[in-house]
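Data block for run-v2.txt (compact mmCIF, C-alpha atoms):
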# COMPACT_ATOMS: atom_id res chain seq x y z
CA MET A 1 38.41 17.68 215.02
CA VAL A 2 39.56 14.09 215.66
CA ARG A 3 42.11 12.71 213.25
CA ALA A 4 42.75 8.98 212.93
CA THR A 5 46.02 8.16 214.69
CA PRO A 6 48.25 5.07 214.63
CA LEU A 7 47.44 2.51 217.28
CA ALA A 8 51.18 2.22 217.89
CA ARG A 9 51.09 5.62 219.53
CA ILE A 10 48.47 4.36 221.98
CA ALA A 11 50.60 1.29 222.73
CA TRP A 12 53.64 3.43 223.48
CA LEU A 13 51.64 5.87 225.59
CA ARG A 14 50.28 2.97 227.59
CA THR A 15 53.75 1.62 228.22
CA PHE A 16 55.11 5.00 229.29
CA PHE A 17 52.11 5.97 231.40
CA TYR A 18 51.65 2.68 233.16
CA CYS A 19 55.39 2.43 233.84
CA PHE A 20 55.16 5.94 235.23
CA VAL A 21 52.57 4.67 237.71
CA PHE A 22 55.42 2.61 239.17
CA VAL A 23 57.73 5.61 239.22
CA GLY A 24 55.11 7.69 240.97
CA VAL A 25 54.02 5.13 243.55
CA LEU A 26 57.51 3.91 244.45
CA LEU A 27 59.69 6.97 243.92
CA THR A 28 58.46 10.45 243.14
CA SER A 29 55.22 10.28 245.14
CA SER A 30 56.18 7.61 247.63
CA TRP A 31 54.83 9.92 250.32
CA VAL A 32 51.35 8.64 249.48
CA ALA A 33 52.22 5.17 250.72
CA ARG A 34 53.53 6.69 253.97
CA HIS A 35 50.05 8.05 254.67
CA GLY A 36 49.31 4.47 255.69
CA ALA A 37 51.50 5.05 258.75
CA VAL A 38 49.55 8.16 259.77
CA SER A 39 46.57 7.95 262.10
CA THR A 40 43.19 8.11 260.38
CA ASP A 41 42.35 10.88 262.89
CA LEU A 42 44.17 13.15 260.44
CA TYR A 43 42.27 11.78 257.42
CA ASP A 44 39.95 14.50 256.12
CA PRO A 45 38.43 12.95 252.98
CA LEU A 46 37.76 14.91 249.83
CA LEU A 47 34.16 15.26 248.67
CA VAL A 48 34.49 12.20 246.44
CA GLY A 49 35.91 10.27 249.39
CA ARG A 50 32.90 11.20 251.48
CA VAL A 51 30.39 10.34 248.75
CA LEU A 52 31.93 7.04 247.65
CA PRO A 53 32.04 4.16 250.17
CA LEU A 54 35.84 4.23 250.42
CA PRO A 55 37.44 2.64 253.49
CA GLN A 56 39.58 4.64 255.89
CA PRO A 57 43.20 4.56 254.67
CA THR A 58 44.71 2.27 257.28
CA ARG A 59 48.09 0.68 256.61
CA SER A 60 46.50 -2.44 255.13
CA VAL A 61 44.07 -0.47 252.94
CA VAL A 62 46.89 1.66 251.54
CA LEU A 63 49.04 -1.40 250.95
CA THR A 64 46.23 -3.30 249.23
CA THR A 65 45.40 -0.33 247.01
CA GLY A 66 49.05 0.00 246.04
CA ILE A 67 49.39 -3.69 245.22
CA VAL A 68 46.25 -3.70 243.07
CA LEU A 69 47.38 -0.54 241.30
CA LEU A 70 50.89 -1.81 240.54
CA GLY A 71 49.69 -5.29 239.62
CA ALA A 72 47.25 -3.91 237.06
CA ALA A 73 49.86 -1.43 235.79
CA VAL A 74 52.32 -4.24 235.03
CA ILE A 75 49.76 -5.96 232.81
CA ALA A 76 48.53 -2.76 231.21
CA ALA A 77 52.07 -1.55 230.42
CA THR A 78 52.58 -4.60 228.21
CA ASN A 79 49.38 -3.79 226.30
CA ARG A 80 47.72 -7.01 227.45
CA LEU A 81 44.06 -6.88 228.49
CA PRO A 82 44.12 -3.12 227.84
CA ARG A 83 40.49 -2.45 228.64
CA LEU A 84 40.33 -4.51 231.86
CA ALA A 85 43.80 -3.79 233.22
CA GLY A 86 43.59 -0.14 232.17
CA THR A 87 40.24 0.31 233.89
CA VAL A 88 41.57 -1.25 237.10
CA VAL A 89 44.58 1.08 236.97
CA ALA A 90 42.32 4.10 236.48
CA ALA A 91 40.07 3.15 239.38
CA ALA A 92 42.90 2.19 241.74
CA TYR A 93 44.90 5.30 240.88
CA PHE A 94 41.86 7.44 241.62
CA VAL A 95 41.53 5.83 245.05
CA TRP A 96 45.29 6.33 245.49
CA MET A 97 44.76 10.03 244.80
CA VAL A 98 41.98 10.25 247.39
CA ILE A 99 44.41 8.73 249.90
CA ALA A 100 47.05 11.23 248.78
CA PHE A 101 44.97 14.39 248.97
CA SER A 102 42.73 13.80 251.97
CA TYR A 103 45.21 15.13 254.53
CA GLY A 104 44.95 18.86 254.02
CA LYS A 105 46.62 19.42 250.67
CA VAL A 106 45.63 18.74 247.09
CA ASP A 107 48.25 18.73 244.35
CA HIS A 108 47.23 20.23 241.02
CA ASP A 109 49.33 18.23 238.60
CA ARG A 110 47.15 15.12 238.19
CA PHE A 111 44.17 16.22 236.07
CA ALA A 112 45.67 15.38 232.66
CA PHE A 113 47.18 12.13 233.97
CA LEU A 114 43.84 11.02 235.37
CA VAL A 115 42.17 11.81 232.05
CA ALA A 116 44.88 9.77 230.32
CA LEU A 117 44.27 6.78 232.57
CA CYS A 118 40.55 7.02 231.84
CA VAL A 119 40.79 7.28 228.04
CA LEU A 120 43.64 4.85 227.31
CA PRO A 121 41.49 1.76 228.11
CA THR A 122 38.82 2.91 225.65
CA VAL A 123 40.89 2.14 222.58
CA GLY A 124 41.18 -1.64 222.86
CA GLN A 125 44.00 -3.74 221.49
CA ALA A 126 47.09 -1.94 220.28
CA HIS A 127 50.63 -3.06 219.58
CA TRP A 128 53.79 -1.00 219.37
CA SER A 129 54.09 -1.84 215.67
CA ASP A 130 50.43 -1.32 214.79
CA ARG A 131 50.39 1.05 211.84
CA GLU A 132 46.61 0.97 211.56
CA GLU A 133 45.13 4.41 212.22
CA THR A 134 41.83 4.70 214.06
CA GLU A 135 39.61 7.54 215.21
CA ALA A 136 39.35 5.88 218.61
CA ALA A 137 43.12 6.29 219.06
CA GLY A 138 42.89 9.84 217.77
CA TRP A 139 40.12 10.67 220.19
CA ALA A 140 42.01 9.27 223.19
CA ILE A 141 45.16 11.18 222.33
CA ARG A 142 43.30 14.40 221.61
CA SER A 143 41.53 14.06 224.96
CA ILE A 144 44.85 13.86 226.79
CA GLN A 145 46.17 16.82 224.84
CA ILE A 146 43.09 18.91 225.63
CA ALA A 147 43.39 17.96 229.32
CA VAL A 148 47.02 19.15 229.32
CA VAL A 149 46.01 22.45 227.75
CA LEU A 150 43.08 22.89 230.14
CA ALA A 151 45.40 22.43 233.12
CA TYR A 152 47.64 25.25 231.87
CA PHE A 153 44.88 27.53 230.56
CA LEU A 154 42.62 27.30 233.60
CA ALA A 155 45.60 27.89 235.92
CA ALA A 156 45.72 31.47 234.63
CA PHE A 157 42.11 32.01 235.62
CA ALA A 158 42.73 30.44 239.03
CA LYS A 159 45.44 33.08 239.50
CA PHE A 160 42.97 35.82 238.55
CA ARG A 161 40.38 34.34 240.89
CA PHE A 162 42.59 33.88 243.97
CA GLY A 163 45.29 36.46 243.33
CA GLY A 164 43.48 39.14 241.39
CA LEU A 165 44.08 40.41 237.87
CA ASN A 166 47.31 41.95 239.17
CA TRP A 167 48.69 38.56 240.31
CA ALA A 168 51.78 39.01 238.16
CA THR A 169 52.81 42.16 240.05
CA GLY A 170 53.02 40.40 243.40
CA ALA A 171 55.66 38.37 245.24
CA THR A 172 54.42 34.84 244.57
CA LEU A 173 57.71 33.64 243.11
CA ALA A 174 59.63 35.35 245.91
CA ARG A 175 57.52 33.42 248.40
CA ALA A 176 58.26 30.18 246.57
CA LEU A 177 61.98 30.95 246.63
CA VAL A 178 61.89 31.65 250.38
CA ARG A 179 60.10 28.37 251.04
CA LYS A 180 61.75 26.07 248.53
CA GLY A 181 64.60 27.90 246.86
CA ASN A 182 68.12 26.56 246.50
CA GLY A 183 71.57 28.13 246.20
CA ILE A 184 71.08 29.04 242.55
CA SER A 185 67.66 30.56 242.99
CA GLN A 186 68.59 32.66 246.02
CA GLN A 187 70.47 34.95 243.62
CA LEU A 188 67.17 35.70 241.93
CA PHE A 189 66.17 37.81 244.93
CA GLU A 190 68.65 40.39 243.63
CA MET A 191 66.77 40.46 240.32
CA GLN A 192 63.27 41.50 241.29
CA ALA A 193 62.52 42.71 237.75
CA VAL A 194 63.32 39.22 236.47
CA LEU A 195 60.96 37.66 239.01
CA ARG A 196 58.18 40.04 238.06
CA ALA A 197 58.76 39.51 234.32
CA THR A 198 58.73 35.77 234.91
CA GLN A 199 55.34 36.03 236.58
CA PHE A 200 53.98 37.91 233.56
CA GLY A 201 55.59 35.26 231.37
CA ILE A 202 53.90 32.46 233.29
CA VAL A 203 50.45 34.02 232.78
CA ALA A 204 51.18 34.63 229.10
CA PHE A 205 52.37 31.03 228.69
CA GLU A 206 49.21 29.69 230.33
CA LEU A 207 46.87 31.87 228.28
CA LEU A 208 48.63 30.91 225.04
CA SER A 209 48.71 27.19 225.91
CA PRO A 210 45.94 26.30 223.41
CA LEU A 211 48.68 26.74 220.79
CA LEU A 212 49.88 23.30 221.91
CA LEU A 213 46.90 21.90 220.01
CA VAL A 214 47.99 23.41 216.71
CA ARG A 215 49.57 20.74 214.54
CA GLY A 216 53.00 21.22 213.11
CA ARG A 217 55.71 23.73 213.89
CA VAL A 218 53.56 25.98 216.11
CA GLY A 219 52.52 23.15 218.39
CA TYR A 220 56.03 21.68 218.62
CA SER A 221 57.51 25.09 219.40
CA PHE A 222 55.08 25.56 222.24
CA LEU A 223 55.80 22.03 223.45
CA ILE A 224 59.48 22.94 223.73
CA LEU A 225 58.48 26.08 225.61
CA ALA A 226 56.42 23.97 228.01
CA LEU A 227 59.36 21.66 228.66
CA LEU A 228 61.62 24.65 229.28
CA PHE A 229 59.07 26.10 231.68
CA HIS A 230 59.07 22.91 233.73
CA ALA A 231 62.86 22.62 233.62
CA VAL A 232 63.28 26.16 234.95
CA THR A 233 60.64 25.64 237.64
CA PHE A 234 62.38 22.51 238.83
CA SER A 235 65.84 24.05 238.85
CA THR A 236 64.76 27.12 240.82
CA ILE A 237 62.10 25.93 243.28
CA SER A 238 62.51 22.14 243.05
CA ILE A 239 58.92 21.65 241.97
CA ILE A 240 58.11 19.56 238.94
CA PHE A 241 54.60 18.64 237.96
CA LEU A 242 55.75 15.21 236.90
CA PRO A 243 52.43 13.46 236.16
CA HIS A 244 51.48 16.46 234.02
CA VAL A 245 54.88 16.57 232.29
CA VAL A 246 54.57 12.88 231.40
CA CYS A 247 51.32 13.73 229.61
CA LEU A 248 53.27 15.95 227.21
CA LEU A 249 54.28 12.65 225.55
CA ALA A 250 50.79 12.67 224.01
CA PHE A 251 51.98 15.44 221.67
CA LEU A 252 54.80 13.35 220.23
CA PRO A 253 54.68 10.92 217.26
CA LEU A 254 55.67 7.98 219.47
CA GLU A 255 54.80 5.51 216.71
CA ARG A 256 58.19 6.40 215.19
CA LEU A 257 59.82 4.51 218.07
CA SER A 258 58.45 1.37 216.44
CA LYS A 259 60.90 1.62 213.53
CA ALA A 260 63.44 -0.32 215.62
CA PRO A 261 63.82 -3.97 214.41
CA ALA A 262 62.54 -5.27 217.72
CA PHE A 263 59.19 -3.73 216.88
CA SER A 264 58.79 -5.01 213.31
CA PRO A 265 55.26 -6.22 212.46
CA ARG A 266 54.05 -9.26 214.29
CA PRO A 267 54.45 -12.61 212.46
CA ALA A 268 50.66 -12.84 212.02
CA ALA A 269 50.49 -9.46 210.33
CA LEU A 270 53.42 -10.43 208.08
CA ARG A 271 51.72 -13.70 207.17
CA ASP A 272 48.62 -11.77 206.13
CA ARG A 273 50.66 -9.74 203.66
CA LEU A 274 52.44 -12.69 201.98
CA PRO A 275 50.76 -14.03 198.85
CA ALA A 276 48.66 -17.09 199.53
CA ARG A 277 50.08 -20.40 198.28
CA MET B 1 31.74 13.30 223.21
CA LEU B 2 29.14 13.91 225.90
CA ALA B 3 31.52 12.64 228.56
CA ALA B 4 34.31 14.81 227.18
CA GLY B 5 32.05 17.85 227.25
CA ALA B 6 31.04 17.12 230.82
CA VAL B 7 34.66 16.80 231.95
CA ILE B 8 35.58 20.10 230.32
CA ALA B 9 32.53 21.81 231.81
CA LEU B 10 33.34 20.49 235.28
CA ALA B 11 36.97 21.57 234.98
CA VAL B 12 35.94 25.07 233.95
CA ALA B 13 33.30 25.29 236.67
CA GLY B 14 35.78 24.05 239.25
CA THR B 15 38.23 26.77 238.27
CA PHE B 16 35.72 29.55 238.82
CA VAL B 17 33.57 28.29 241.70
CA GLY B 18 35.17 25.05 242.97
CA GLN B 19 37.48 24.30 245.86
CA ASP B 20 40.27 21.75 246.43
CA ASP B 21 37.64 19.52 248.03
CA HIS B 22 36.14 18.99 244.57
CA PHE B 23 39.18 17.10 243.27
CA PRO B 24 39.75 16.26 240.44
CA PHE B 25 37.62 19.20 239.33
CA GLY B 26 38.90 21.72 241.86
CA PRO B 27 40.66 24.91 240.73
CA PRO B 28 44.29 24.52 239.54
CA SER B 29 45.29 26.92 242.28
CA LEU B 30 48.96 26.13 242.84
CA PHE B 31 50.82 29.43 243.28
CA SER B 32 47.61 31.28 242.46
CA THR B 33 47.53 33.50 245.54
CA ARG B 34 49.24 36.84 245.29
CA ASN B 35 51.79 37.73 247.94
CA GLU B 36 52.44 41.36 248.75
CA LEU B 37 55.88 42.68 247.90
CA ASN B 38 56.08 44.00 251.46
CA GLY B 39 54.37 41.03 253.03
CA ARG B 40 55.57 37.94 254.81
CA VAL B 41 56.21 34.30 254.07
CA ASP B 42 55.20 31.64 256.57
CA SER B 43 56.26 28.05 256.85
CA ALA B 44 55.61 25.38 259.45
CA GLN B 45 58.30 23.94 261.70
CA LEU B 46 58.20 21.17 264.26
CA THR B 47 60.18 20.44 267.40
CA PHE B 48 60.19 17.22 269.37
CA THR B 49 61.17 17.03 273.02
CA LEU B 50 62.70 13.65 273.73
CA ALA B 51 62.57 11.67 276.95
CA ASP B 52 66.18 12.64 277.71
CA GLY B 53 65.25 16.34 277.64
CA THR B 54 66.70 17.08 274.19
CA VAL B 55 64.67 19.48 272.04
CA ARG B 56 65.15 18.60 268.42
CA PRO B 57 63.91 20.57 265.40
CA ILE B 58 62.36 18.18 262.89
CA ALA B 59 62.06 18.74 259.16
CA ILE B 60 58.41 18.12 258.29
CA ASP B 61 58.56 15.47 255.61
CA SER B 62 56.85 12.22 254.74
CA HIS B 63 60.05 10.41 255.76
CA THR B 64 59.97 11.89 259.27
CA VAL B 65 56.33 12.34 260.26
CA GLY B 66 54.50 10.70 257.33
CA LEU B 67 53.23 13.99 255.92
CA ARG B 68 54.78 16.56 253.57
CA ARG B 69 55.29 20.04 254.98
CA ALA B 70 52.56 21.57 252.81
CA VAL B 71 50.19 18.86 254.03
CA ALA B 72 51.00 19.61 257.68
CA GLU B 73 50.42 23.29 256.94
CA GLY B 74 47.07 22.39 255.42
CA LEU B 75 46.19 20.70 258.73
CA GLU B 76 47.33 23.65 260.85
CA GLU B 77 43.82 24.69 261.79
CA HIS B 78 43.15 21.16 263.01
CA PHE B 79 46.33 21.11 265.10
CA VAL B 80 45.53 24.50 266.63
CA ALA B 81 41.96 23.48 267.45
CA ARG B 82 42.98 20.03 268.76
CA PRO B 83 46.67 20.06 269.79
CA GLN B 84 46.42 16.43 270.89
CA LEU B 85 46.50 15.53 267.17
CA LEU B 86 50.20 16.43 267.21
CA ARG B 87 50.87 13.19 269.02
CA HIS B 88 50.13 11.35 265.78
CA LEU B 89 53.17 13.01 264.21
CA ALA B 90 55.25 11.79 267.13
CA ASP B 91 53.79 8.30 266.74
CA VAL B 92 54.82 8.13 263.08
CA TYR B 93 58.32 9.40 263.86
CA GLU B 94 58.73 6.74 266.52
CA LYS B 95 57.43 4.09 264.10
CA PHE B 96 60.03 5.13 261.52
CA ASN B 97 62.80 5.52 264.12
CA PRO B 98 62.27 2.78 266.74
CA SER B 99 65.78 3.07 268.16
CA GLU B 100 65.39 6.72 269.15
CA PRO B 101 64.25 7.95 272.60
CA GLU B 102 60.55 8.37 273.21
CA ILE B 103 59.02 11.70 272.22
CA VAL B 104 57.36 13.38 275.19
CA ALA B 105 56.28 16.68 273.62
CA VAL B 106 55.61 18.15 270.18
CA GLU B 107 55.46 21.81 269.28
CA LEU B 108 54.18 23.22 265.99
CA LEU B 109 55.75 26.55 265.10
CA GLU B 110 55.28 29.13 262.39
CA ARG B 111 58.46 30.55 260.87
CA THR B 112 57.88 34.00 259.39
CA THR B 113 60.16 35.78 256.95
CA ASP B 114 59.41 39.43 256.19
CA LEU B 115 59.65 40.73 252.65
CA GLU B 116 60.60 44.22 251.53
CA GLN B 117 60.01 44.87 247.84
CA GLY B 118 59.98 41.11 247.34
CA GLN B 119 63.29 40.45 249.10
CA PRO B 120 63.63 38.69 252.46
CA VAL B 121 64.85 41.04 255.20
CA GLY B 122 65.91 40.52 258.79
CA ARG B 123 65.98 37.26 260.65
CA PRO B 124 62.98 34.93 260.49
CA THR B 125 60.82 34.88 263.62
CA MET B 126 59.21 31.85 265.23
CA ARG B 127 55.78 31.68 266.82
CA ALA B 128 54.28 28.70 268.62
CA LEU B 129 50.96 27.58 267.12
CA ALA B 130 50.17 24.44 269.09
CA ALA B 131 51.80 22.11 271.57
CA TRP B 132 51.16 18.66 272.97
CA SER B 133 52.90 16.72 275.71
CA ARG B 134 52.38 13.29 277.23
Let me see the file written as structure tokens.
Amino acid sequence: MVRATPLARIAWLRTFFYCFVFVGVLLTSSWVARHGAVSTDLYDPLLVGRVLPLPQPTRSVVLTTGIVLLGAAVIAATNRLPRLAGTVVAAAYFVWMVIAFSYGKVDHDRFAFLVALCVLPTVGQAHWSDREETEAAGWAIRSIQIAVVLAYFLAAFAKFRFGGLNWATGATLARALVRKGNGISQQLFEMQAVLRATQFGIVAFELLSPLLLVRGRVGYSFLILALLFHAVTFSTISIIFLPHVVCLLAFLPLERLSKAPAFSPRPAALRDRLPAR
Amino acid sequence: MLAAGAVIALAVAGTFVGQDDHFPFGPPSLFSTRNELNGRVDSAQLTFTLADGTVRPIAIDSHTVGLRRAVAEGLEEHFVARPQLLRHLADVYEKFNPSEPEIVAVELLERTTDLEQGQPVGRPTMRALAAWSR
């Protein structure tokens, strides 16, 4: 089930994921930091926040958490101290998520990203030009891929649970368009059949998502479908599950990026291959 | 492998019996509720009354009151039960906008749009949910 995979892929994933931590904290989810300005009277901690001895998210606690998270992410993104820095990122990001989701709403696009942050430190040293293939790298990448698929697949069953087996016949997309639609999407109200068909398509996509795990043409085709799905969702209702979308990188042969001259084998590795004098 | 199995089991269990409170193993329930084709769509709105008497509608956003609209909607029950909590939204707004007049009252409203066969019809209606004043 686990195939040995080049360590270079792990190195690239680390760079992309830990750089994305910056993007998330400072740009796309900067609203988390603004929770530090909100009174802790409105803080309603998640179960994990009630069980763990986490401090109330005052301005200084939020700021400190953010600094620790970004500081560790800088180091981890360069593939230095991958186990230590990666573990600190995983822990700090988890606390960051408790701060994010303890005010009455939980987002559902973080599961795969959290899994990624947990498994990436388990692989140890990796360089962007490392052509060595290890099962540890394969396991980490497969774990992220399975987490991505689980997020899609289980979403279908959440629809059946909360919306009924006839979820696809309802007006869920219409509701989303009323609340978050833009000028383009408002025209979709005139095409009710399209909205209904799209809802059936969403459930079909989610139930077929395990095809992402099939190697080769089938998996890549479904990956393209997933990207299209997110592009359409963003263009119509301005919602993009960005941390989850970033995890789709785990399906790509990122080690091929290392063919650029800047990523040629390290001098030490080259020395090892030259005949001894 | 044991840890991986446990994570998968928790994710599956969370989908079928969990709640958002069980993050990160809660159900992936975004857009999972079914809206009736002839139902209604609600969204929260806020108004601030300023010290000069102006009543200003405020977009609920982390840049204005520190919380996203969906988050404020998630706290609606709290605001209805304890309207004095609305003052915290005013406090954040004043923190972000120190040059603006003081906020003397906050009203949380529900904006309702009716649907007919999945299409919005008529004008949206507004209903007051909770109010606080100094």
Notebook entry, point to check: Mind listing as a list in words all residues within 6 Å of (50.7, 16.3, 238.9), counting only C-alpha atoms?
Noted result: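 So the residues meeting the distance criterion are His108, Asp109, Arg110, Phe241, Leu242, Pro243 and His244 of chain A.
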Residues of chain A near chain B: apply a cut-off of 6 Å, count all atoms listed in the file, and supply the list as a PDB file with C-alpha atoms, in the coordinates of the input.
ATOM      1  CA  TRP A  31      54.830   9.920 250.320  1.00  0.00           C
ATOM      2  CA  ARG A  34      53.530   6.690 253.970  1.00  0.00           C
ATOM      3  CA  HIS A  35      50.050   8.050 254.670  1.00  0.00           C
ATOM      4  CA  LEU A  46      37.760  14.910 249.830  1.00  0.00           C
ATOM      5  CA  LEU A  47      34.160  15.260 248.670  1.00  0.00           C
ATOM      6  CA  GLY A 104      44.950  18.860 254.020  1.00  0.00           C
ATOM      7  CA  LYS A 105      46.620  19.420 250.670  1.00  0.00           C
ATOM      8  CA  HIS A 108      47.230  20.230 241.020  1.00  0.00           C
ATOM      9  CA  ALA A 155      45.600  27.890 235.920  1.00  0.00           C
ATOM     10  CA  ALA A 158      42.730  30.440 239.030  1.00  0.00           C
ATOM     11  CA  LYS A 159      45.440  33.080 239.500  1.00  0.00           C
ATOM     12  CA  PHE A 162      42.590  33.880 243.970  1.00  0.00           C
ATOM     13  CA  GLY A 163      45.290  36.460 243.330  1.00  0.00           C
ATOM     14  CA  TRP A 167      48.690  38.560 240.310  1.00  0.00           C
ATOM     15  CA  GLY A 170      53.020  40.400 243.400  1.00  0.00           C
ATOM     16  CA  ALA A 171      55.660  38.370 245.240  1.00  0.00           C
ATOM     17  CA  THR A 172      54.420  34.840 244.570  1.00  0.00           C
ATOM     18  CA  ALA A 174      59.630  35.350 245.910  1.00  0.00           C
ATOM     19  CA  ARG A 175      57.520  33.420 248.400  1.00  0.00           C
ATOM     20  CA  PHE A 189      66.170  37.810 244.930  1.00  0.00           C
TER      21      PHE A 189
END
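Atom pair atom CA of Asn166 of chain A / atom CA of Leu208 of chain A has a distance of 18.0 Å (rounded to one decimal).
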Checklist line | Nearby residues (only C-alpha atoms) at most 8 Å from Val2 of chain A, same-chain spacing under 2 positions excluded, as JSON, numbers by chain | finding: {"A": [4, 135, 138, 139, 142]}
Next item on the list: Tell me which of A:Ser60, A:Thr134, A:Thr15, A:Gln192 sits closest to Thr78 of chain A, counting only C-alpha atoms.
Entry: A:Thr15
Next item on the list: State, in Å with one decimal place, the distance from atom CA of Phe160 of chain A to atom CA of Pro210 of chain A.
Entry: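 Result for atom CA of Phe160 of chain A versus atom CA of Pro210 of chain A: 18.1 Å, one decimal.
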Next item on the list: Would you mind telling me which residue in A:Val148, A:Val178, A:Leu13, A:Val119 lies nearest to Arg111 of chain B when using all atoms listed in the file?
Entry: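 Closest residue, counting all atoms listed in the file: A:Val178.
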Next item on the list: Please indicate the distance in Å from atom CA of Val106 of chain A to atom CA of Leu42 of chain A, rounded to one decimal place.
Entry: 14.5 Å
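Excluding segment 195-202 of chain A and any residue on its chain fewer than 5 positions from it, the residues at most 7 Å away by all atoms listed in the file are Ala168, Thr169 and Leu173 of chain A.
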Checklist line | Neighbour list for Ala73 of chain A as a ChimeraX atom specification, cut-off 9 Å, only C-alpha atoms, skip fewer than 3 positions in-chain | finding: /A:17-19,21-22,68-70,76-78,85-86,88-89
Margin query: Taking 4 positions as the minimum chain separation for residues in the same chain, which residues sit within 7 Å of Trp12 of chain A when counting all atoms listed in the file? Answer as number ranges by chain.
Written below: A: 8, 16, 128, 254
Near Pro6 of chain A, counting only C-alpha atoms, which residues have an atom at most 6 Å away, once you skip same-chain residues fewer than 6 positions from it, shown as an mmCIF file with C-alpha atoms, in the frame of the given file?
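Heads up, here's the output in part-v8.cif:
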data_model
loop_
_atom_site.group_PDB
_atom_site.id
_atom_site.type_symbol
_atom_site.label_atom_id
_atom_site.label_comp_id
_atom_site.auth_asym_id
_atom_site.auth_seq_id
_atom_site.Cartn_x
_atom_site.Cartn_y
_atom_site.Cartn_z
ATOM 1 C CA ARG A 131 50.390 1.050 211.840
ATOM 2 C CA GLU A 132 46.610 0.970 211.560
ATOM 3 C CA GLU A 133 45.130 4.410 212.220
#
